[in-house]
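Enquirer: Quick one: the structure is below, questions incoming.
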Amino acid sequence: MNFFQIIDQLAAVDPDVLDRFDSRRAVFSSLGSVAKRSALAATPLFLGALFQKAYAGTTSTPVDVLNYALTLELLEADFYRLFLAAGTLPNATATAAITQIKKHEDAHVALLTRTIQAAGGTPVTGTATTGIRFKPSAFPSTYAGQLRVAQLLEDTGVRAYKGRAAELVGTTLLTTALQIHSVEARHAAHIRLMRGQLPWVNSADDLATDPTYTSGVTGTTSTQVTTAGGAFGIPAYSTASPAESSTVIGTVPLTTGITTAPAVYSAADAAAAFDQVLQPAEVVDASRAGGLLA
Amino acid sequence: MSDNLQPRGSDDASFAQPLYTPIKRRSFFMYAGATAGATALVMAGCSKDNDPVTSDNLINVGSGDTGVLNYAYALEQLEAGFYTRLRTGTYYTGLGSASAEKQILDDLYYHEVIHREFFKAAITSGRISDSLTPDFSKIDFNSRTSVLGTAMAFEDLGVAAYNGAGQYISSPLYLTLAGKIVSVEARHAAIIRDLVMEGSFVGNDVVTISSANNSASAGGAGSSGSSQERSKTPSEVVAVANTFLAEGSKLNVSGLK
């Protein structure tokens, strides 16, 4: 049995294979010498455990991914319904912006619902009073508080789409997800402008320490997330997502790996130039969007 | 994702710096130590694709994932060149030092330079020229209308390009990397549009609000009212981008499919 040949072959069809193990470091440090490699390769039990763990729970279907997205869109749409009904919007410009955004979220709900149906799946559902909707007790009473939640929801949406887009590689659903993802980013930028913040996530944000911009929840097994409006599967994640303050993208460290760059930007600029992913286990956690579901 | 290789712990302290504080020498070396091991793993997977070739005086971005990354690299070079050049025009130099407009244009400059340098570092094999020559002769860098109008065109084009090329990426890793950039480009596009006219962060010209997307992009159609960003095929994008690139730096994207 040639252990490394197997890994190479897996990597050829699944470039993320090494990340599915506990961590690259752990794999390589535990297989540090030829002697060790040979010993381990001769141990089928070890291999079996390694692969079982690496691939456990990566069976989510595209419908699971879309239902996850639909859950967030339903949450956003219901939030903006409450926002418009609250009567706190100070002027026509703000009302027009929130009305426009609400219209997009409704359109995304309709688009994802019919896409899931076309794929033979059962879409999650929600109305103002049933299923997936915004938790009334979590809805702020002030305009400032409502805009704050809007920013957190939009930035969460951007990170959430990014976190599962890779599961749609090779499907015709990928482009649709990307086309929603960038619209959410435009919303986030505008809401931030309305709040007097820079349009991109940065270390000077007044909400920089909110869990929306950090990371930290992992799930060692795949699981079903059950909501009031239906359920969807999410894969296991053995490591937390990179926080928005991260300055390493892929394997490129932006502050040192870019040795030829003109020294014009700071580490904070480098972090702000990229948005980061957020995994489903983190998004549905009570500290983030999960805590806003009724 | 390979992001689990990011430096953690004490490095976080440096993020609390004000936005424009230069990187201190000490923290620079802190990063060097924390990430030295990571650099060795940079995108070795690119090597299987064909090297780009130059023919008909066009720069061929190549094919496969490397082709898509080269395509993105070319667009980031163009954007970075634009934001670098605008800093010498009287529109920018006349902005108040504390104005929001200056702060936004400064950040756009930083971000696009960082994106450009990221691709330069990430594409280790088969990378196109690092020094594409732009042609900004049609832009009046002393005019706010010309500068912001061009910035809007570049940013909207960038988002449409990334969204339209995602389907040609086979590696989940690279797709996620592109995703980390495209949403920042969308944020750029939204704020530039808001600077041109407040409330125009989305419009039917970029999102399918009241008419369908007519792009030839496979899988890229969006029906009227679906509120999807209008994506563009690589050939649609370079038809525009090439008008801002000098002879010898214009792009051939025929290998992307």
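By order of appearance in the structure tokens: chains A, B, ..., then residues from 1 within every chain, and ligands from 1 in the order shown.
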Considering only C-alpha atoms, return as a PyMOL selection string whatever protein or nucleic-acid residues lie within 12 Å of Asp56 of chain B, sequence-local ones (same chain, fewer than 3 positions apart) excluded.
Expert: chain B and resi 53+59-60+247-252
Enquirer: If we count only C-alpha atoms and set the cut-off at 9 Å, which residues sit around Val68 of chain B, ignoring sequence neighbours fewer than 4 positions away in its own chain? Please answer as an mmCIF file with N, CA and C atoms, in the first residue's frame.
Expert:
data_model
loop_
_atom_site.group_PDB
_atom_site.id
_atom_site.type_symbol
_atom_site.label_atom_id
_atom_site.label_comp_id
_atom_site.auth_asym_id
_atom_site.auth_seq_id
_atom_site.Cartn_x
_atom_site.Cartn_y
_atom_site.Cartn_z
ATOM 1 N N VAL B 61 -4.080 34.207 -21.443
ATOM 2 C CA VAL B 61 -4.086 33.901 -20.003
ATOM 3 C C VAL B 61 -3.958 32.410 -19.731
ATOM 4 N N GLY B 62 -4.111 31.593 -20.783
ATOM 5 C CA GLY B 62 -3.983 30.147 -20.604
ATOM 6 C C GLY B 62 -5.331 29.512 -20.331
ATOM 7 N N SER B 63 -5.280 28.292 -19.792
ATOM 8 C CA SER B 63 -6.523 27.553 -19.581
ATOM 9 C C SER B 63 -6.538 26.961 -18.177
ATOM 10 N N GLY B 64 -7.647 26.308 -17.861
ATOM 11 C CA GLY B 64 -7.765 25.660 -16.550
ATOM 12 C C GLY B 64 -7.769 26.680 -15.426
ATOM 13 N N ALA B 72 -7.898 36.880 -13.602
ATOM 14 C CA ALA B 72 -8.144 37.742 -12.443
ATOM 15 C C ALA B 72 -6.937 38.636 -12.169
ATOM 16 N N TYR B 73 -5.742 38.055 -12.317
ATOM 17 C CA TYR B 73 -4.504 38.818 -12.072
ATOM 18 C C TYR B 73 -4.408 39.992 -13.038
ATOM 19 N N ALA B 165 -16.636 33.885 -14.135
ATOM 20 C CA ALA B 165 -15.538 32.933 -14.312
ATOM 21 C C ALA B 165 -15.516 31.854 -13.239
ATOM 22 N N GLY B 166 -16.307 32.041 -12.176
ATOM 23 C CA GLY B 166 -16.313 31.046 -11.104
ATOM 24 C C GLY B 166 -16.585 29.646 -11.623
ATOM 25 N N TYR B 168 -15.622 28.283 -14.216
ATOM 26 C CA TYR B 168 -14.492 27.654 -14.921
ATOM 27 C C TYR B 168 -13.409 27.183 -13.951
ATOM 28 N N ILE B 169 -13.624 27.421 -12.667
ATOM 29 C CA ILE B 169 -12.655 26.999 -11.657
ATOM 30 C C ILE B 169 -13.017 25.592 -11.202
ATOM 31 N N VAL B 253 -8.560 35.484 -23.943
ATOM 32 C CA VAL B 253 -9.122 34.605 -22.912
ATOM 33 C C VAL B 253 -9.816 33.389 -23.539
ATOM 34 N N LEU B 256 -10.346 29.980 -21.695
ATOM 35 C CA LEU B 256 -11.209 29.812 -20.520
ATOM 36 C C LEU B 256 -12.568 29.281 -20.947
#
Enquirer: Could you write out as a list in words the residues of chain A within 6 Å of chain B, counting only C-alpha atoms?
Expert: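 Result: Asp19, His104, Ala107, Lys162, Ala166, Thr172, Thr175, Leu178, Gln179, Ile180, Ser182, Ala185, Arg186, Ala189, Val248, Gly250, Thr251, Thr256, Tyr265, Ser266, Ala268, Ala273, Phe274, Asp275 and Gln276 of chain A.
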Enquirer: Which residues are near segment 209-221 of chain A? Cut-off 9 Å, only C-alpha atoms, ignore same chain within fewer than 6 positions. Put them as a ChimeraX atom specification.
Expert: /A:53,56-57,152-153,155-156,159,201,203,234-245,276,278-279,281-283,285,287-289
Enquirer: Please produce a file of the residues just selected, as a compact mmCIF listing (two decimals), in the first residue's frame, where the atoms kept are N, CA and C atoms.
Expert:
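Writing done, so here's result_23.txt:
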# COMPACT_ATOMS: atom_id res chain seq x y z
N LYS A 53 -12.71 9.97 9.22
CA LYS A 53 -12.87 11.24 9.89
C LYS A 53 -12.84 12.40 8.88
N ALA A 56 -16.12 12.26 6.91
CA ALA A 56 -17.38 12.15 7.63
C ALA A 56 -18.18 13.42 7.42
N GLY A 57 -19.42 13.28 7.01
CA GLY A 57 -20.29 14.43 6.96
C GLY A 57 -20.09 15.34 5.78
N LEU A 152 -24.86 43.49 10.51
CA LEU A 152 -24.39 42.17 10.94
C LEU A 152 -25.01 41.08 10.07
N LEU A 153 -26.29 41.22 9.71
CA LEU A 153 -26.94 40.21 8.87
C LEU A 153 -26.33 40.18 7.48
N ASP A 155 -23.31 41.28 6.46
CA ASP A 155 -21.93 40.79 6.48
C ASP A 155 -21.88 39.29 6.77
N THR A 156 -22.83 38.81 7.59
CA THR A 156 -22.91 37.36 7.83
C THR A 156 -23.28 36.65 6.54
N ARG A 159 -20.29 36.28 4.26
CA ARG A 159 -19.37 35.24 4.72
C ARG A 159 -19.98 33.84 4.55
N VAL A 201 -15.17 45.41 5.71
CA VAL A 201 -14.87 44.98 7.07
C VAL A 201 -13.44 45.40 7.41
N SER A 203 -10.53 46.86 10.78
CA SER A 203 -10.25 46.80 12.21
C SER A 203 -10.76 48.03 12.95
N ILE A 234 -25.44 20.06 7.30
CA ILE A 234 -24.18 20.80 7.18
C ILE A 234 -23.03 19.85 7.44
N PRO A 235 -21.92 20.03 6.73
CA PRO A 235 -20.78 19.14 6.89
C PRO A 235 -20.05 19.39 8.21
N ALA A 236 -19.14 18.49 8.53
CA ALA A 236 -18.29 18.67 9.71
C ALA A 236 -17.17 19.64 9.37
N TYR A 237 -16.78 20.40 10.35
CA TYR A 237 -15.63 21.30 10.19
C TYR A 237 -14.72 21.11 11.39
N SER A 238 -13.51 20.68 11.13
CA SER A 238 -12.62 20.41 12.26
C SER A 238 -11.83 21.63 12.69
N THR A 239 -11.82 22.66 11.84
CA THR A 239 -11.13 23.88 12.25
C THR A 239 -12.05 25.08 12.04
N ALA A 240 -11.86 26.07 12.87
CA ALA A 240 -12.68 27.28 12.76
C ALA A 240 -12.30 28.05 11.50
N SER A 241 -13.22 28.88 11.03
CA SER A 241 -12.94 29.73 9.88
C SER A 241 -11.89 30.77 10.24
N PRO A 242 -11.21 31.34 9.23
CA PRO A 242 -10.33 32.47 9.53
C PRO A 242 -11.17 33.68 9.94
N ALA A 243 -10.70 34.41 10.94
CA ALA A 243 -11.41 35.63 11.34
C ALA A 243 -11.23 36.68 10.25
N GLU A 244 -12.10 37.70 10.25
CA GLU A 244 -11.97 38.75 9.24
C GLU A 244 -10.65 39.51 9.35
N SER A 245 -10.01 39.42 10.50
CA SER A 245 -8.73 40.12 10.68
C SER A 245 -7.55 39.34 10.11
N GLN A 276 -13.70 37.11 4.50
CA GLN A 276 -13.41 35.73 4.89
C GLN A 276 -14.68 34.88 4.93
N LEU A 278 -17.33 32.06 6.52
CA LEU A 278 -17.85 31.64 7.82
C LEU A 278 -18.56 30.31 7.57
N GLN A 279 -18.24 29.31 8.38
CA GLN A 279 -18.82 27.99 8.17
C GLN A 279 -20.22 27.93 8.79
N ALA A 281 -21.67 25.94 10.84
CA ALA A 281 -21.76 25.72 12.29
C ALA A 281 -21.57 27.04 13.03
N GLU A 282 -20.76 27.92 12.44
CA GLU A 282 -20.53 29.23 13.06
C GLU A 282 -21.72 30.16 12.82
N VAL A 283 -22.26 30.10 11.60
CA VAL A 283 -23.38 30.99 11.26
C VAL A 283 -24.63 30.67 12.08
N ASP A 285 -24.76 29.31 14.91
CA ASP A 285 -24.52 29.40 16.35
C ASP A 285 -25.32 30.57 16.94
N SER A 287 -24.54 32.83 18.81
CA SER A 287 -23.83 34.11 18.90
C SER A 287 -23.94 34.90 17.60
N ARG A 288 -24.40 34.23 16.54
CA ARG A 288 -24.50 34.92 15.24
C ARG A 288 -25.95 34.82 14.74
N ALA A 289 -26.13 34.54 13.45
CA ALA A 289 -27.48 34.56 12.88
C ALA A 289 -28.42 33.58 13.59
Enquirer: Compile the contact shell of Thr129 of chain A as a list in words: residues with an atom at most 12 Å away, counting only C-alpha atoms, same-chain residues fewer than 2 positions apart removed.
Expert: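 Everything that qualifies: Asp78, Arg81, Leu82, Thr125, Gly126, Thr127, Gly131, Ile132, Arg133, Phe134, Lys135, Pro136, Ala228, Gly229, Leu293 and Ala294 of chain A.
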Enquirer: Record the distance separating atom CA of Gly89 of chain B and atom CA of Glu76 of chain B, expressed in Å with one decimal.
Expert: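 Rounded to one decimal, the two atoms are 20.5 Å apart.
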Enquirer: As a PyMOL selection string, please: every residue in segment 212-289 of chain A that a backbone DSSP assignment puts in alpha helix (DSSP H).
Expert: chain A and resi 267-272+280-283
Enquirer: Selection from above, N, CA and C atoms, as a PDB file, in the first residue's frame, can you write it?
Expert:
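Output below, filename selection-v8.pdb:
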ATOM      1  N   ALA A 267      -1.021  46.007   7.784  1.00  0.00           N
ATOM      2  CA  ALA A 267      -1.640  44.690   7.962  1.00  0.00           C
ATOM      3  C   ALA A 267      -3.157  44.838   7.992  1.00  0.00           C
ATOM      4  N   ALA A 268      -3.636  45.934   8.560  1.00  0.00           N
ATOM      5  CA  ALA A 268      -5.083  46.156   8.631  1.00  0.00           C
ATOM      6  C   ALA A 268      -5.670  46.322   7.230  1.00  0.00           C
ATOM      7  N   ASP A 269      -4.928  47.007   6.355  1.00  0.00           N
ATOM      8  CA  ASP A 269      -5.396  47.151   4.970  1.00  0.00           C
ATOM      9  C   ASP A 269      -5.455  45.791   4.284  1.00  0.00           C
ATOM     10  N   ALA A 270      -4.429  44.989   4.538  1.00  0.00           N
ATOM     11  CA  ALA A 270      -4.374  43.667   3.913  1.00  0.00           C
ATOM     12  C   ALA A 270      -5.568  42.819   4.344  1.00  0.00           C
ATOM     13  N   ALA A 271      -5.905  42.888   5.621  1.00  0.00           N
ATOM     14  CA  ALA A 271      -7.052  42.120   6.115  1.00  0.00           C
ATOM     15  C   ALA A 271      -8.349  42.631   5.493  1.00  0.00           C
ATOM     16  N   ALA A 272      -8.446  43.948   5.327  1.00  0.00           N
ATOM     17  CA  ALA A 272      -9.679  44.541   4.801  1.00  0.00           C
ATOM     18  C   ALA A 272      -9.862  44.257   3.311  1.00  0.00           C
ATOM     19  N   PRO A 280     -21.042  27.003   8.264  1.00  0.00           N
ATOM     20  CA  PRO A 280     -22.433  26.926   8.740  1.00  0.00           C
ATOM     21  C   PRO A 280     -22.547  26.761  10.249  1.00  0.00           C
ATOM     22  N   ALA A 281     -21.671  25.939  10.839  1.00  0.00           N
ATOM     23  CA  ALA A 281     -21.764  25.722  12.285  1.00  0.00           C
ATOM     24  C   ALA A 281     -21.571  27.041  13.025  1.00  0.00           C
ATOM     25  N   GLU A 282     -20.757  27.923  12.441  1.00  0.00           N
ATOM     26  CA  GLU A 282     -20.528  29.228  13.060  1.00  0.00           C
ATOM     27  C   GLU A 282     -21.718  30.158  12.825  1.00  0.00           C
ATOM     28  N   VAL A 283     -22.262  30.102  11.598  1.00  0.00           N
ATOM     29  CA  VAL A 283     -23.377  30.994  11.256  1.00  0.00           C
ATOM     30  C   VAL A 283     -24.627  30.669  12.081  1.00  0.00           C
TER      31      VAL A 283
END
Enquirer: If you measure from atom CA of Thr93 of chain A to atom CA of Ala77 of chain A, what distance in Å do you get, rounded to one decimal?
Expert: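 Atom CA of Thr93 of chain A sits 19.4 Å away from atom CA of Ala77 of chain A.
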Enquirer: Enumerate as a list in words all residues of segment 66-281 of chain A assigned to strand (DSSP E or B) by DSSP on the backbone, naming them with the chain letters and numbers the document uses.
Expert: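 Matching residues, listed in order: Gly126, Gly131, Phe134, Gly219, Thr223, Gln224, Val225, Thr226, Thr227, Gly230, Ala231, Phe232, Gly233, Ile234, Tyr237, Val248, Ile249, Val252 and Pro253 of chain A.
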Enquirer: Okay, now the selection with C-alpha atoms, as a PDB file, in the first residue's frame?
Expert:
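Full text of result_7.pdb as output:
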ATOM      1  CA  GLY A 126     -41.111  31.022   6.645  1.00  0.00           C
ATOM      2  CA  GLY A 131     -41.388  28.946  10.160  1.00  0.00           C
ATOM      3  CA  PHE A 134     -36.724  37.005  12.757  1.00  0.00           C
ATOM      4  CA  GLY A 219     -18.499  20.750  14.529  1.00  0.00           C
ATOM      5  CA  THR A 223     -25.357  17.278  11.373  1.00  0.00           C
ATOM      6  CA  GLN A 224     -28.880  18.306  10.499  1.00  0.00           C
ATOM      7  CA  VAL A 225     -29.797  21.858  11.410  1.00  0.00           C
ATOM      8  CA  THR A 226     -33.467  21.908  12.290  1.00  0.00           C
ATOM      9  CA  THR A 227     -35.316  25.191  12.069  1.00  0.00           C
ATOM     10  CA  GLY A 230     -37.426  22.881   7.819  1.00  0.00           C
ATOM     11  CA  ALA A 231     -34.024  21.222   8.094  1.00  0.00           C
ATOM     12  CA  PHE A 232     -30.798  21.059   6.112  1.00  0.00           C
ATOM     13  CA  GLY A 233     -27.520  19.208   6.459  1.00  0.00           C
ATOM     14  CA  ILE A 234     -24.181  20.802   7.180  1.00  0.00           C
ATOM     15  CA  TYR A 237     -15.633  21.296  10.188  1.00  0.00           C
ATOM     16  CA  VAL A 248      -3.135  34.996   5.343  1.00  0.00           C
ATOM     17  CA  ILE A 249      -5.154  34.160   2.256  1.00  0.00           C
ATOM     18  CA  VAL A 252      -0.140  33.464   1.006  1.00  0.00           C
ATOM     19  CA  PRO A 253       0.791  35.633   3.996  1.00  0.00           C
TER      20      PRO A 253
END
Enquirer: Could you check how far atom CA of Gly94 of chain B sits from atom CA of Ser146 of chain B, in Å to one decimal?
Expert: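 Computing it gives 14.9 Å between the two atoms.
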